Amino acid sequence: MYIPDIYKNENSEEIKKFLQENSFGILINQSNGKLCATHIPLELETNQDGKDILYGHVSIENPQWKGFTDNDQVLAVFSGPHSYISSSWYDHENVPTWNYIAVHVYGKIKIIEGDGVIESLKKLVDKYEQNSENPIRIEDLSKKTMMQSRGIVAFEIEIKEIQATRKMSQNRDAKNYQNIITELEKVNTDQSIATAKEMKKCPM
């Protein structure tokens with residue numbers, strides 16, 4: 001990913017937090033000579049060897065997984081708040097642009113089998129059920145229901161490289177930076193509000 005130095009994010013703790021909060025990503029690999037991509041949750045954790053990994057699963061009907069053994073190199077893409085930035089919000093003439101946060105994770109994928117599949121599902125369900133009024137637990141599901149786990153291919157990705165960008169108008173002076181925040185709030189969409197909130201974290 002091309003990242004100008006001014007927008008490069010190299011804060012590992014900040015990046016990990018972002019991945020945990022924006023875990024619905026795009027898994028990209030090559031299968032049978034074609035690029036494949038699937039939108040799925042990819043959860044960050046540290047494995048028993050102390051290595052950072054992503055784990056997840058795809059449907060066994062999804063042909064993408066057949067490429068995992070032929071070429072174990074994959075890319076996972078994660079996006080955060082983003083919004084159009086009009087140059088009419090500046091006090092000088094310039095061109096419009098886009099503010100956004102994105103993280104690209106490059107890694108080595110391997111298929112998980114046996115008890116590891118159920119453990120992977122348990123961690124995923126526990127994370128997203130923790131605030132439910134009546135949380136579902138994998139351990140409580142019937143054997144018949146859990147037969148559906150045979151229809152997935154679970155995997156983990158050993159992280160080899162992370163590229164992160166945080167393009168939030170860092171190249172503007174304090175006055176124009178604040179103007180952008182104000183105008184984003186006026187736009188009043190979910191993404192513009194989220195982008196303004198992100199900009200407020202690092203005021204000029």
# chains A, B, ... in the order shown; residues from 1 in each chain; ligands from 1
>>> residues_around(residues="range 106-121 of chain A", least_positions_apart="6", cutoff="8 Å", atoms="only C-alpha atoms", output="list in words")
Tyr55, Gly56, Phe68, Thr69, Asp72, Gln73, Val74, Leu75, Ala76, Ile138, Ser149, Val153, Ala154, Phe155, Glu156, Ile157, Glu158, Ile159, Lys160, Glu161 and Ile162 of chain A
>>> select_by_dssp(residues="chain A", states="strand (DSSP E)", output="VMD selection string")
chain A and resid 24 to 31 34 to 41 43 to 46 52 to 59 73 to 85 97 to 112 152 to 167
>>> closest_residue(among="A:Phe78, A:Tyr100, A:Tyr128, A:Tyr177", to="Lys8 in chain A", atoms="only C-alpha atoms")
A:Tyr100
>>> residues_around(residues="Ile181 in chain A", least_positions_apart="5", cutoff="9 Å", atoms="only C-alpha atoms", output="PDB file with C-alpha atoms, in the first residue's frame")
ATOM      1  CA  ASN A 176      -8.307  24.519   8.374  1.00  0.00           C
ATOM      2  CA  LYS A 186     -22.537  19.406   9.403  1.00  0.00           C
ATOM      3  CA  SER A 192     -18.543  11.903   8.397  1.00  0.00           C
ATOM      4  CA  ILE A 193     -19.269  11.965  12.129  1.00  0.00           C
ATOM      5  CA  THR A 195     -14.197  10.767  10.677  1.00  0.00           C
ATOM      6  CA  ALA A 196     -14.645  14.011  12.631  1.00  0.00           C
ATOM      7  CA  LYS A 197     -14.446  12.055  15.891  1.00  0.00           C
ATOM      8  CA  MET A 199      -9.720  13.810  13.833  1.00  0.00           C
ATOM      9  CA  LYS A 200     -10.576  15.144  17.299  1.00  0.00           C
TER      10      LYS A 200
END
>>> closest_residue(among="A:Leu124, A:Met1, A:Glu14, A:Tyr7", to="Pro41 in chain A", atoms="only C-alpha atoms")
A:Leu124
>>> residues_around(residues="Glu45 in chain A", least_positions_apart="6", cutoff="8 Å", atoms="only C-alpha atoms", output="mmCIF file with C-alpha atoms, in the first residue's frame")
data_model
loop_
_atom_site.group_PDB
_atom_site.id
_atom_site.type_symbol
_atom_site.label_atom_id
_atom_site.label_comp_id
_atom_site.auth_asym_id
_atom_site.auth_seq_id
_atom_site.Cartn_x
_atom_site.Cartn_y
_atom_site.Cartn_z
ATOM 1 C CA ASP A 52 0.425 -12.274 16.409
ATOM 2 C CA ILE A 53 -2.134 -14.044 14.254
ATOM 3 C CA LEU A 54 -5.519 -13.522 12.645
ATOM 4 C CA TYR A 55 -8.039 -16.339 12.779
#
>>> atom_distance(atom1="CA of Ile60 in chain A", atom2="CA of Glu139 in chain A")
22.4 Å
>>> select_by_dssp(residues="range 7-204 of chain A", states="alpha helix (DSSP H)", output="ChimeraX atom specification")
/A:12-21,115-129,143-146,174-187,190-200
>>> write_last_selection(atoms="C-alpha atoms", output="mmCIF file, in the first residue's frame")
data_model
loop_
_atom_site.group_PDB
_atom_site.id
_atom_site.type_symbol
_atom_site.label_atom_id
_atom_site.label_comp_id
_atom_site.auth_asym_id
_atom_site.auth_seq_id
_atom_site.Cartn_x
_atom_site.Cartn_y
_atom_site.Cartn_z
ATOM 1 C CA SER A 12 1.699 -0.973 17.098
ATOM 2 C CA GLU A 13 -0.697 -0.659 20.043
ATOM 3 C CA GLU A 14 -2.926 1.742 18.125
ATOM 4 C CA ILE A 15 -2.942 -0.582 15.123
ATOM 5 C CA LYS A 16 -3.834 -3.610 17.262
ATOM 6 C CA LYS A 17 -6.700 -1.695 18.842
ATOM 7 C CA PHE A 18 -7.921 -0.710 15.391
ATOM 8 C CA LEU A 19 -7.848 -4.333 14.189
ATOM 9 C CA GLN A 20 -9.780 -5.484 17.247
ATOM 10 C CA GLU A 21 -12.433 -2.797 16.747
ATOM 11 C CA ASP A 115 -10.615 -29.368 18.041
ATOM 12 C CA GLY A 116 -9.039 -26.165 16.791
ATOM 13 C CA VAL A 117 -12.064 -25.508 14.569
ATOM 14 C CA ILE A 118 -14.479 -25.545 17.517
ATOM 15 C CA GLU A 119 -12.124 -23.469 19.645
ATOM 16 C CA SER A 120 -11.930 -20.885 16.874
ATOM 17 C CA LEU A 121 -15.730 -20.728 16.676
ATOM 18 C CA LYS A 122 -16.021 -20.486 20.453
ATOM 19 C CA LYS A 123 -13.683 -17.471 20.641
ATOM 20 C CA LEU A 124 -15.553 -15.739 17.819
ATOM 21 C CA VAL A 125 -19.000 -16.316 19.317
ATOM 22 C CA ASP A 126 -17.910 -15.394 22.854
ATOM 23 C CA LYS A 127 -16.527 -12.064 21.625
ATOM 24 C CA TYR A 128 -19.689 -10.993 19.849
ATOM 25 C CA GLU A 129 -22.196 -12.461 22.295
ATOM 26 C CA LYS A 143 -24.733 -31.994 18.478
ATOM 27 C CA LYS A 144 -27.086 -31.671 15.500
ATOM 28 C CA THR A 145 -26.514 -27.922 15.245
ATOM 29 C CA MET A 146 -22.768 -28.282 15.691
ATOM 30 C CA ALA A 174 -4.860 24.278 12.835
ATOM 31 C CA LYS A 175 -7.509 26.636 11.428
ATOM 32 C CA ASN A 176 -8.307 24.519 8.374
ATOM 33 C CA TYR A 177 -8.092 21.316 10.402
ATOM 34 C CA GLN A 178 -10.827 22.605 12.722
ATOM 35 C CA ASN A 179 -12.878 23.817 9.741
ATOM 36 C CA ILE A 180 -12.822 20.292 8.300
ATOM 37 C CA ILE A 181 -14.070 18.813 11.591
ATOM 38 C CA THR A 182 -16.888 21.388 11.767
ATOM 39 C CA GLU A 183 -17.968 20.749 8.173
ATOM 40 C CA LEU A 184 -17.842 16.970 8.599
ATOM 41 C CA GLU A 185 -20.197 17.292 11.551
ATOM 42 C CA LYS A 186 -22.537 19.406 9.403
ATOM 43 C CA VAL A 187 -22.611 16.678 6.749
ATOM 44 C CA ASP A 190 -22.363 8.052 10.093
ATOM 45 C CA GLN A 191 -19.047 8.132 8.246
ATOM 46 C CA SER A 192 -18.543 11.903 8.397
ATOM 47 C CA ILE A 193 -19.269 11.965 12.129
ATOM 48 C CA ALA A 194 -16.915 9.030 12.715
ATOM 49 C CA THR A 195 -14.197 10.767 10.677
ATOM 50 C CA ALA A 196 -14.645 14.011 12.631
ATOM 51 C CA LYS A 197 -14.446 12.055 15.891
ATOM 52 C CA GLU A 198 -11.220 10.423 14.732
ATOM 53 C CA MET A 199 -9.720 13.810 13.833
ATOM 54 C CA LYS A 200 -10.576 15.144 17.299
#
>>> atom_distance(atom1="CA of Gln64 in chain A", atom2="CA of Thr38 in chain A")
8.0 Å
>>> residues_around(residues="Ala102 in chain A", least_positions_apart="6", cutoff="9 Å", atoms="only C-alpha atoms", output="PDB file with N, CA, C and O atoms, in the first residue's frame")
ATOM      1  N   VAL A  77      -7.362  -6.951   4.405  1.00  0.00           N
ATOM      2  CA  VAL A  77      -7.550  -5.502   4.334  1.00  0.00           C
ATOM      3  C   VAL A  77      -8.659  -5.084   5.298  1.00  0.00           C
ATOM      4  O   VAL A  77      -9.742  -5.672   5.303  1.00  0.00           O
ATOM      5  N   PHE A  78      -8.367  -4.055   6.093  1.00  0.00           N
ATOM      6  CA  PHE A  78      -9.330  -3.551   7.073  1.00  0.00           C
ATOM      7  C   PHE A  78      -9.521  -2.050   6.874  1.00  0.00           C
ATOM      8  O   PHE A  78      -8.540  -1.318   6.667  1.00  0.00           O
ATOM      9  N   SER A  79     -10.764  -1.602   6.953  1.00  0.00           N
ATOM     10  CA  SER A  79     -11.066  -0.180   6.772  1.00  0.00           C
ATOM     11  C   SER A  79     -11.727   0.392   8.013  1.00  0.00           C
ATOM     12  O   SER A  79     -12.460  -0.311   8.724  1.00  0.00           O
ATOM     13  N   GLY A  80     -11.465   1.680   8.244  1.00  0.00           N
ATOM     14  CA  GLY A  80     -12.082   2.392   9.349  1.00  0.00           C
ATOM     15  C   GLY A  80     -12.896   3.570   8.838  1.00  0.00           C
ATOM     16  O   GLY A  80     -13.331   3.573   7.682  1.00  0.00           O
ATOM     17  N   PRO A  81     -13.085   4.593   9.661  1.00  0.00           N
ATOM     18  CA  PRO A  81     -13.859   5.769   9.239  1.00  0.00           C
ATOM     19  C   PRO A  81     -13.258   6.401   7.989  1.00  0.00           C
ATOM     20  O   PRO A  81     -12.041   6.443   7.824  1.00  0.00           O
ATOM     21  N   GLN A 163       0.941  -2.842   7.242  1.00  0.00           N
ATOM     22  CA  GLN A 163       1.041  -1.489   6.700  1.00  0.00           C
ATOM     23  C   GLN A 163      -0.218  -0.744   7.102  1.00  0.00           C
ATOM     24  O   GLN A 163      -1.328  -1.210   6.819  1.00  0.00           O
ATOM     25  N   ALA A 164      -0.048   0.401   7.761  1.00  0.00           N
ATOM     26  CA  ALA A 164      -1.199   1.133   8.282  1.00  0.00           C
ATOM     27  C   ALA A 164      -1.132   2.597   7.892  1.00  0.00           C
ATOM     28  O   ALA A 164      -0.079   3.237   8.005  1.00  0.00           O
ATOM     29  N   THR A 165      -2.257   3.120   7.444  1.00  0.00           N
ATOM     30  CA  THR A 165      -2.339   4.538   7.111  1.00  0.00           C
ATOM     31  C   THR A 165      -3.472   5.199   7.886  1.00  0.00           C
ATOM     32  O   THR A 165      -4.527   4.586   8.112  1.00  0.00           O
ATOM     33  N   ARG A 166      -3.198   6.414   8.301  1.00  0.00           N
ATOM     34  CA  ARG A 166      -4.202   7.239   8.981  1.00  0.00           C
ATOM     35  C   ARG A 166      -4.168   8.613   8.321  1.00  0.00           C
ATOM     36  O   ARG A 166      -3.431   9.502   8.715  1.00  0.00           O
ATOM     37  N   LYS A 167      -4.955   8.769   7.271  1.00  0.00           N
ATOM     38  CA  LYS A 167      -4.976  10.023   6.509  1.00  0.00           C
ATOM     39  C   LYS A 167      -6.117  10.884   7.042  1.00  0.00           C
ATOM     40  O   LYS A 167      -7.282  10.677   6.693  1.00  0.00           O
TER      41      LYS A 167
END
>>> atom_distance(atom1="CA of Pro4 in chain A", atom2="CA of Phe24 in chain A")
25.2 Å
>>> closest_residue(among="A:Lys201, A:Arg172, A:Lys66, A:His39", to="Ser87 in chain A", atoms="only C-alpha atoms")
A:Arg172
>>> closest_residue(among="A:Glu43, A:Trp65, A:Asn11, A:Lys51", to="Ser31 in chain A", atoms="only C-alpha atoms")
A:Trp65
>>> closest_residue(among="A:Asn62, A:Ser83, A:Gln30, A:Asn22", to="Ser169 in chain A", atoms="only C-alpha atoms")
A:Ser83
>>> decode(residues="range 178-203 of chain A", atoms="N, CA and C atoms", output="compact mmCIF listing (two decimals), in the first residue's frame")
# COMPACT_ATOMS: atom_id res chain seq x y z
N GLN A 178 -9.60 22.45 11.96
CA GLN A 178 -10.83 22.61 12.72
C GLN A 178 -12.02 22.85 11.80
N ASN A 179 -11.80 23.58 10.71
CA ASN A 179 -12.88 23.82 9.74
C ASN A 179 -13.38 22.50 9.16
N ILE A 180 -12.44 21.60 8.86
CA ILE A 180 -12.82 20.29 8.30
C ILE A 180 -13.68 19.52 9.29
N ILE A 181 -13.29 19.51 10.56
CA ILE A 181 -14.07 18.81 11.59
C ILE A 181 -15.48 19.39 11.66
N THR A 182 -15.58 20.71 11.68
CA THR A 182 -16.89 21.39 11.77
C THR A 182 -17.78 21.03 10.58
N GLU A 183 -17.19 21.04 9.38
CA GLU A 183 -17.97 20.75 8.17
C GLU A 183 -18.36 19.27 8.10
N LEU A 184 -17.49 18.39 8.56
CA LEU A 184 -17.84 16.97 8.60
C LEU A 184 -19.04 16.74 9.51
N GLU A 185 -19.07 17.43 10.62
CA GLU A 185 -20.20 17.29 11.55
C GLU A 185 -21.49 17.84 10.93
N LYS A 186 -21.36 18.87 10.09
CA LYS A 186 -22.54 19.41 9.40
C LYS A 186 -23.08 18.42 8.37
N VAL A 187 -22.18 17.69 7.72
CA VAL A 187 -22.61 16.68 6.75
C VAL A 187 -23.51 15.65 7.43
N ASN A 188 -23.11 15.28 8.65
CA ASN A 188 -23.97 14.49 9.55
C ASN A 188 -24.38 13.12 9.00
N THR A 189 -23.43 12.42 8.41
CA THR A 189 -23.64 11.00 8.09
C THR A 189 -22.83 10.18 9.10
N ASP A 190 -23.10 8.90 9.16
CA ASP A 190 -22.36 8.05 10.09
C ASP A 190 -20.86 8.15 9.84
N GLN A 191 -20.47 8.11 8.56
CA GLN A 191 -19.05 8.13 8.25
C GLN A 191 -18.41 9.50 8.50
N SER A 192 -19.13 10.57 8.17
CA SER A 192 -18.54 11.90 8.40
C SER A 192 -18.39 12.19 9.89
N ILE A 193 -19.35 11.78 10.68
CA ILE A 193 -19.27 11.97 12.13
C ILE A 193 -18.13 11.14 12.71
N ALA A 194 -17.99 9.90 12.23
CA ALA A 194 -16.91 9.03 12.72
C ALA A 194 -15.55 9.59 12.32
N THR A 195 -15.46 10.17 11.12
CA THR A 195 -14.20 10.77 10.68
C THR A 195 -13.86 12.00 11.51
N ALA A 196 -14.86 12.83 11.78
CA ALA A 196 -14.65 14.01 12.63
C ALA A 196 -14.19 13.59 14.03
N LYS A 197 -14.80 12.55 14.57
CA LYS A 197 -14.45 12.06 15.89
C LYS A 197 -13.00 11.57 15.90
N GLU A 198 -12.60 10.91 14.83
CA GLU A 198 -11.22 10.42 14.73
C GLU A 198 -10.24 11.59 14.68
N MET A 199 -10.58 12.64 13.93
CA MET A 199 -9.72 13.81 13.83
C MET A 199 -9.56 14.51 15.17
N LYS A 200 -10.62 14.49 15.98
CA LYS A 200 -10.58 15.14 17.30
C LYS A 200 -9.61 14.45 18.26
N LYS A 201 -9.28 13.19 17.97
CA LYS A 201 -8.35 12.46 18.84
C LYS A 201 -6.96 13.06 18.80
N CYS A 202 -6.63 13.69 17.67
CA CYS A 202 -5.29 14.28 17.50
C CYS A 202 -5.45 15.72 17.01
N PRO A 203 -5.91 16.62 17.89
CA PRO A 203 -6.12 18.01 17.46
C PRO A 203 -4.81 18.67 17.06
